[in-house]
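Data block for query-v8.cif (mmCIF, C-alpha atoms):
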```
data_final
#
loop_
_atom_site.group_PDB
_atom_site.id
_atom_site.type_symbol
_atom_site.label_atom_id
_atom_site.label_comp_id
_atom_site.auth_asym_id
_atom_site.auth_seq_id
_atom_site.Cartn_x
_atom_site.Cartn_y
_atom_site.Cartn_z
ATOM 1 C CA MET A 1 9.107 118.915 50.370
ATOM 2 C CA TYR A 2 9.956 115.377 51.419
ATOM 3 C CA SER A 3 9.214 112.634 48.926
ATOM 4 C CA GLN A 4 5.979 110.783 49.421
ATOM 5 C CA ILE A 5 7.418 107.457 48.300
ATOM 6 C CA ARG A 6 9.135 105.051 50.665
ATOM 7 C CA VAL A 7 10.771 101.775 49.790
ATOM 8 C CA TYR A 8 11.272 98.449 51.458
ATOM 9 C CA TYR A 9 13.303 95.442 50.415
ATOM 10 C CA PRO A 10 11.424 92.142 50.623
ATOM 11 C CA TYR A 11 13.303 88.999 51.649
ATOM 12 C CA ILE A 12 14.340 87.031 48.551
ATOM 13 C CA SER A 13 14.567 83.276 49.099
ATOM 14 C CA PRO A 14 16.741 81.013 46.941
ATOM 15 C CA PHE A 15 13.601 78.921 46.464
ATOM 16 C CA ASP A 16 11.490 81.750 45.065
ATOM 17 C CA PRO A 17 9.771 80.377 41.915
ATOM 18 C CA CYS A 18 9.602 83.747 40.134
ATOM 19 C CA PRO A 19 12.199 86.414 39.405
ATOM 20 C CA PRO A 20 12.610 88.455 42.610
ATOM 21 C CA ILE A 21 11.210 91.951 43.093
ATOM 22 C CA ARG A 22 14.056 93.497 45.056
ATOM 23 C CA VAL A 23 12.585 96.896 45.810
ATOM 24 C CA LYS A 24 8.961 97.638 46.603
ATOM 25 C CA THR A 25 7.524 101.130 47.113
ATOM 26 C CA TYR A 26 4.592 102.555 49.077
ATOM 27 C CA GLN A 27 3.011 105.972 49.242
ATOM 28 C CA VAL A 28 3.120 108.110 52.372
ATOM 29 C CA ASN A 29 0.514 110.761 51.672
ATOM 30 C CA PRO A 30 0.277 114.076 53.551
ATOM 31 C CA GLN A 31 -3.049 113.273 55.139
ATOM 32 C CA LEU A 32 -1.278 110.644 57.227
ATOM 33 C CA PHE A 33 0.625 113.401 58.982
ATOM 34 C CA ILE A 34 -1.995 116.114 59.185
ATOM 35 C CA GLY A 35 -4.712 114.500 61.260
ATOM 36 C CA PHE A 36 -7.522 117.033 61.707
ATOM 37 C CA GLN A 37 -7.123 119.612 58.937
ATOM 38 C CA PRO A 38 -6.410 123.097 60.388
ATOM 39 C CA GLU A 39 -8.355 126.126 59.202
ATOM 40 C CA ASN A 40 -7.201 128.664 56.617
ATOM 41 C CA LEU A 41 -4.607 126.531 54.898
ATOM 42 C CA PRO A 42 -3.239 128.118 51.700
ATOM 43 C CA GLN A 43 -5.225 127.132 48.593
ATOM 44 C CA PHE A 44 -4.631 126.546 44.893
ATOM 45 C CA SER A 45 -6.523 128.581 42.305
ATOM 46 C CA PRO A 46 -9.651 126.805 40.976
ATOM 47 C CA MET A 47 -7.967 125.868 37.706
ATOM 48 C CA GLU A 48 -4.895 124.481 39.464
ATOM 49 C CA ALA A 49 -7.038 122.665 42.021
ATOM 50 C CA LEU A 50 -8.988 121.031 39.212
ATOM 51 C CA ARG A 51 -5.759 119.729 37.656
ATOM 52 C CA LEU A 52 -3.971 118.742 40.816
ATOM 53 C CA GLY A 53 -6.917 117.030 42.436
ATOM 54 C CA THR A 54 -7.005 118.985 45.682
ATOM 55 C CA LEU A 55 -7.722 122.521 46.858
ATOM 56 C CA TRP A 56 -4.887 122.591 49.409
ATOM 57 C CA PRO A 57 -1.181 122.299 48.521
ATOM 58 C CA ALA A 58 -0.607 120.720 51.948
ATOM 59 C CA LEU A 59 -2.675 117.717 50.845
ATOM 60 C CA TYR A 60 -1.327 117.437 47.315
ATOM 61 C CA SER A 61 -0.186 113.909 46.607
ATOM 62 C CA PRO A 62 1.069 113.143 43.079
ATOM 63 C CA TYR A 63 1.169 109.505 42.024
ATOM 64 C CA SER A 64 3.168 108.337 39.056
ATOM 65 C CA GLY A 65 2.915 104.551 39.140
ATOM 66 C CA ARG A 66 4.616 101.955 41.276
ATOM 67 C CA GLY A 67 7.746 102.302 39.230
ATOM 68 C CA ASP A 68 8.358 98.561 38.994
ATOM 69 C CA GLN A 69 6.291 97.841 35.883
ATOM 70 C CA GLU A 70 7.327 99.518 32.665
ATOM 71 C CA GLY A 71 4.415 100.585 30.500
ATOM 72 C CA LEU A 72 2.024 100.838 33.450
ATOM 73 C CA GLU A 73 3.475 104.184 34.473
ATOM 74 C CA GLY A 74 1.222 107.217 35.253
ATOM 75 C CA MET B 1 -29.377 132.003 21.459
ATOM 76 C CA ASN B 2 -27.638 134.626 19.306
ATOM 77 C CA SER B 3 -26.023 133.470 16.118
ATOM 78 C CA ALA B 4 -22.541 134.633 17.135
ATOM 79 C CA ASN B 5 -21.999 131.763 19.563
ATOM 80 C CA GLN B 6 -22.328 128.194 18.317
ATOM 81 C CA PRO B 7 -22.023 125.231 20.711
ATOM 82 C CA GLY B 8 -18.452 123.978 20.567
ATOM 83 C CA ASP B 9 -16.766 127.329 20.036
ATOM 84 C CA LYS B 10 -13.973 128.775 22.154
ATOM 85 C CA ARG B 11 -16.292 130.525 24.631
ATOM 86 C CA TYR B 12 -18.271 127.304 25.070
ATOM 87 C CA TYR B 13 -15.248 125.384 26.278
ATOM 88 C CA GLU B 14 -13.954 128.302 28.326
ATOM 89 C CA LEU B 15 -17.173 128.538 30.289
ATOM 90 C CA LEU B 16 -17.379 124.774 30.717
ATOM 91 C CA GLU B 17 -13.842 124.628 32.079
ATOM 92 C CA GLN B 18 -14.482 127.466 34.506
ATOM 93 C CA LEU B 19 -17.686 125.757 35.598
ATOM 94 C CA GLN B 20 -15.791 122.506 36.104
ATOM 95 C CA ALA B 21 -13.089 124.226 38.180
ATOM 96 C CA ILE B 22 -15.598 126.014 40.385
ATOM 97 C CA ASP B 23 -17.644 122.859 40.833
ATOM 98 C CA PHE B 24 -14.513 121.068 42.003
ATOM 99 C CA VAL B 25 -13.737 123.831 44.488
ATOM 100 C CA LEU B 26 -17.333 123.648 45.719
ATOM 101 C CA VAL B 27 -17.066 119.898 46.218
ATOM 102 C CA GLU B 28 -13.829 120.310 48.181
ATOM 103 C CA LEU B 29 -15.236 123.101 50.328
ATOM 104 C CA ASN B 30 -18.452 121.209 50.917
ATOM 105 C CA LEU B 31 -16.598 118.140 52.165
ATOM 106 C CA TYR B 32 -14.311 120.370 54.239
ATOM 107 C CA LEU B 33 -17.259 122.194 55.791
ATOM 108 C CA ASP B 34 -18.880 118.881 56.693
ATOM 109 C CA THR B 35 -16.113 118.412 59.239
ATOM 110 C CA HIS B 36 -15.439 122.091 59.946
ATOM 111 C CA PRO B 37 -18.886 123.665 60.358
ATOM 112 C CA THR B 38 -17.537 126.625 62.310
ATOM 113 C CA ASP B 39 -14.918 127.715 59.782
ATOM 114 C CA SER B 40 -16.426 131.067 58.764
ATOM 115 C CA ASN B 41 -13.814 131.861 56.114
ATOM 116 C CA ALA B 42 -14.402 128.605 54.294
ATOM 117 C CA LEU B 43 -18.159 129.063 54.581
ATOM 118 C CA GLU B 44 -17.909 132.575 53.151
ATOM 119 C CA GLN B 45 -15.735 131.300 50.307
ATOM 120 C CA PHE B 46 -18.232 128.509 49.669
ATOM 121 C CA ASN B 47 -21.107 130.967 49.338
ATOM 122 C CA GLN B 48 -19.078 133.242 47.077
ATOM 123 C CA GLN B 49 -18.106 130.330 44.866
ATOM 124 C CA ALA B 50 -21.705 129.103 44.735
ATOM 125 C CA GLU B 51 -22.841 132.553 43.636
ATOM 126 C CA GLN B 52 -20.083 132.751 41.045
ATOM 127 C CA ARG B 53 -20.976 129.257 39.826
ATOM 128 C CA TRP B 54 -24.591 130.362 39.368
ATOM 129 C CA ALA B 55 -23.459 133.382 37.336
ATOM 130 C CA ILE B 56 -21.287 131.293 35.034
ATOM 131 C CA ALA B 57 -24.027 128.722 34.557
ATOM 132 C CA GLN B 58 -26.460 131.531 33.724
ATOM 133 C CA GLU B 59 -24.125 132.945 31.108
ATOM 134 C CA PHE B 60 -23.552 129.515 29.590
ATOM 135 C CA GLU B 61 -27.244 128.715 29.465
ATOM 136 C CA SER B 62 -28.106 132.066 27.933
ATOM 137 C CA LEU B 63 -25.600 131.402 25.171
ATOM 138 C CA TYR B 64 -25.848 127.676 24.568
ATOM 139 C CA GLY B 65 -28.994 126.298 26.147
ATOM 140 C CA PRO B 66 -29.724 124.223 29.242
ATOM 141 C CA LEU B 67 -26.997 122.497 31.224
ATOM 142 C CA LEU B 68 -29.419 120.301 33.174
ATOM 143 C CA ASN B 69 -32.799 118.813 32.407
ATOM 144 C CA PHE B 70 -35.940 117.884 34.313
ATOM 145 C CA GLY B 71 -36.501 121.506 35.321
ATOM 146 C CA HIS B 72 -33.068 122.271 36.710
ATOM 147 C CA SER B 73 -32.388 124.581 33.750
ATOM 148 C CA TYR B 74 -34.446 126.807 31.506
ATOM 149 C CA SER B 75 -34.641 126.113 27.789
ATOM 150 C CA GLY B 76 -34.985 128.455 24.845
ATOM 151 C CA TYR B 77 -37.454 128.011 22.001
ATOM 152 C CA PRO B 78 -37.550 125.511 20.348
ATOM 153 C CA TRP B 79 -36.748 122.877 22.985
ATOM 154 C CA GLN B 80 -32.957 122.689 23.273
ATOM 155 C CA TRP B 81 -32.329 119.814 25.629
ATOM 156 C CA ASN B 82 -31.750 117.158 22.964
ATOM 157 C CA ASN B 83 -29.675 119.408 20.675
ATOM 158 C CA VAL B 84 -26.140 118.565 19.639
ATOM 159 C CA PRO B 85 -23.443 118.442 20.921
ATOM 160 C CA TRP B 86 -24.252 115.532 23.156
ATOM 161 C CA PRO B 87 -22.085 114.997 26.244
ATOM 162 C CA TRP B 88 -19.692 112.585 24.579
ATOM 163 C CA GLN B 89 -19.274 115.017 21.675
ATOM 164 C CA VAL B 90 -18.127 117.843 23.898
#
```
Have the structure of the file written as structure tokens, please.
Amino acid sequence: MYSQIRVYYPYISPFDPCPPIRVKTYQVNPQLFIGFQPENLPQFSPMEALRLGTLWPALYSPYSGRGDQEGLEG
Amino acid sequence: MNSANQPGDKRYYELLEQLQAIDFVLVELNLYLDTHPTDSNALEQFNQQAEQRWAIAQEFESLYGPLLNFGHSYSGYPWQWNNVPWPWQV
């Protein structure tokens, strides 16, 4: 299962007024790659679906914070 | 409402959690069926889940009183709608 987080490295100028953010992340969720959802995809059980936020594992997309701000995680 | 079950006991939360899970599945299937009207398996599952949801709601309401008001649920005697626990106490 490939990771759903990708990173990019913004340009950091010597004249930047604030401390640089060297690495920024963005989410690449499954629905970007699925397009029109096919029929009869495998499903979670109701209890699992309620906790994971989707009925179909193929569309499951966990999010645990941007990772660049401590204390704002999750 | 028999005396064995009091609102807030184990069975109360069990039924509510099952109801919540089935409602979520119904929401997902409903949205899915909006864009896939010809998917017979999903439609069959939706109807089964709706039936199962009705059964669970019936059991809950027979034990603990109405889930919904304004005529969407029955009430026992005396009127149970404004009994404790209130939603934020659940």
Can you list, as a ChimeraX atom specification, the residues that the PyMOL selection byres ((chain A and resi 6) around 9) selects here? /A:3-5,7-8,24-28
Identify the residues within 12 Å of coordinate (-33.3, 124.8, 32.9) (same frame as the file), considering all atoms listed in the file, and give the answer as a PyMOL selection string. chain B and resi 57-58+60-62+64-76+79-81
With C-alpha atoms retained, write the just-selected residues as a CSV table (one decimal), keeping the file's coordinate frame.
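Dumped to out-v6.csv:
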```
chain,number,residue,atom,x,y,z
B,57,ALA,CA,-24.0,128.7,34.6
B,58,GLN,CA,-26.5,131.5,33.7
B,60,PHE,CA,-23.6,129.5,29.6
B,61,GLU,CA,-27.2,128.7,29.5
B,62,SER,CA,-28.1,132.1,27.9
B,64,TYR,CA,-25.8,127.7,24.6
B,65,GLY,CA,-29.0,126.3,26.1
B,66,PRO,CA,-29.7,124.2,29.2
B,67,LEU,CA,-27.0,122.5,31.2
B,68,LEU,CA,-29.4,120.3,33.2
B,69,ASN,CA,-32.8,118.8,32.4
B,70,PHE,CA,-35.9,117.9,34.3
B,71,GLY,CA,-36.5,121.5,35.3
B,72,HIS,CA,-33.1,122.3,36.7
B,73,SER,CA,-32.4,124.6,33.8
B,74,TYR,CA,-34.4,126.8,31.5
B,75,SER,CA,-34.6,126.1,27.8
B,76,GLY,CA,-35.0,128.5,24.8
B,79,TRP,CA,-36.7,122.9,23.0
B,80,GLN,CA,-33.0,122.7,23.3
B,81,TRP,CA,-32.3,119.8,25.6
```
Would you mind reading off the distance between CA of Leu29 (chain B) and CA of Ile56 (chain B), one decimal, in Å? 18.4 Å
Quick one: distance from CA of Tyr77 (chain B) to CA of Asp9 (chain B) in Å, one decimal? 20.8 Å
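Omitting Gln49 (chain B) and its sequence neighbours fewer than 5 positions away, and counting all atoms listed in the file, the residues within 10 Å are A:Pro46, B:Ile22, B:Asp23, B:Val25, B:Leu26, B:Leu29, B:Leu43, B:Glu44, B:Trp54, B:Ala55.
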Pull out every residue of chain A that has at least one atom within 12 Å of chain B, counting only C-alpha atoms, and report them as a PDB file with C-alpha atoms, in the frame of the given file.
```
ATOM      1  CA  PHE A  36      -7.522 117.033  61.707  1.00  0.00           C
ATOM      2  CA  GLN A  37      -7.123 119.612  58.937  1.00  0.00           C
ATOM      3  CA  PRO A  38      -6.410 123.097  60.388  1.00  0.00           C
ATOM      4  CA  GLU A  39      -8.355 126.126  59.202  1.00  0.00           C
ATOM      5  CA  ASN A  40      -7.201 128.664  56.617  1.00  0.00           C
ATOM      6  CA  LEU A  41      -4.607 126.531  54.898  1.00  0.00           C
ATOM      7  CA  PRO A  42      -3.239 128.118  51.700  1.00  0.00           C
ATOM      8  CA  GLN A  43      -5.225 127.132  48.593  1.00  0.00           C
ATOM      9  CA  PHE A  44      -4.631 126.546  44.893  1.00  0.00           C
ATOM     10  CA  SER A  45      -6.523 128.581  42.305  1.00  0.00           C
ATOM     11  CA  PRO A  46      -9.651 126.805  40.976  1.00  0.00           C
ATOM     12  CA  MET A  47      -7.967 125.868  37.706  1.00  0.00           C
ATOM     13  CA  GLU A  48      -4.895 124.481  39.464  1.00  0.00           C
ATOM     14  CA  ALA A  49      -7.038 122.665  42.021  1.00  0.00           C
ATOM     15  CA  LEU A  50      -8.988 121.031  39.212  1.00  0.00           C
ATOM     16  CA  ARG A  51      -5.759 119.729  37.656  1.00  0.00           C
ATOM     17  CA  LEU A  52      -3.971 118.742  40.816  1.00  0.00           C
ATOM     18  CA  GLY A  53      -6.917 117.030  42.436  1.00  0.00           C
ATOM     19  CA  THR A  54      -7.005 118.985  45.682  1.00  0.00           C
ATOM     20  CA  LEU A  55      -7.722 122.521  46.858  1.00  0.00           C
ATOM     21  CA  TRP A  56      -4.887 122.591  49.409  1.00  0.00           C
ATOM     22  CA  LEU A  59      -2.675 117.717  50.845  1.00  0.00           C
TER      23      LEU A  59
END
```
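Here CA of Asp34 (chain B) and CA of Leu16 (chain B) stand 26.7 Å from one another.
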Which polymer residues have any atom within 7 Å of an atom of Pro10 (chain A), counting only C-alpha atoms, with same-chain residues fewer than 2 positions away left out, as an MDAnalysis selection string? chainID A and resid 8 12 22:23
With 12 Å as the threshold, what does the neighbourhood of (-19.6, 114.6, 25.2) contain in terms of residues, counting only C-alpha atoms? Coordinates are those of the file; answer as a ChimeraX atom specification. /B:7-8,13,16,84-90
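Minimum distance to Asn47 (chain B) across B:Ala4, B:Leu63, B:Leu15, B:Leu33 (counting only C-alpha atoms) occurs at B:Leu33.
Here the question is which of A:Gly67, A:Tyr9, A:Pro57, A:Pro62 gets nearest to Ile21 (chain A) using all atoms listed in the file, and that residue is A:Tyr9.
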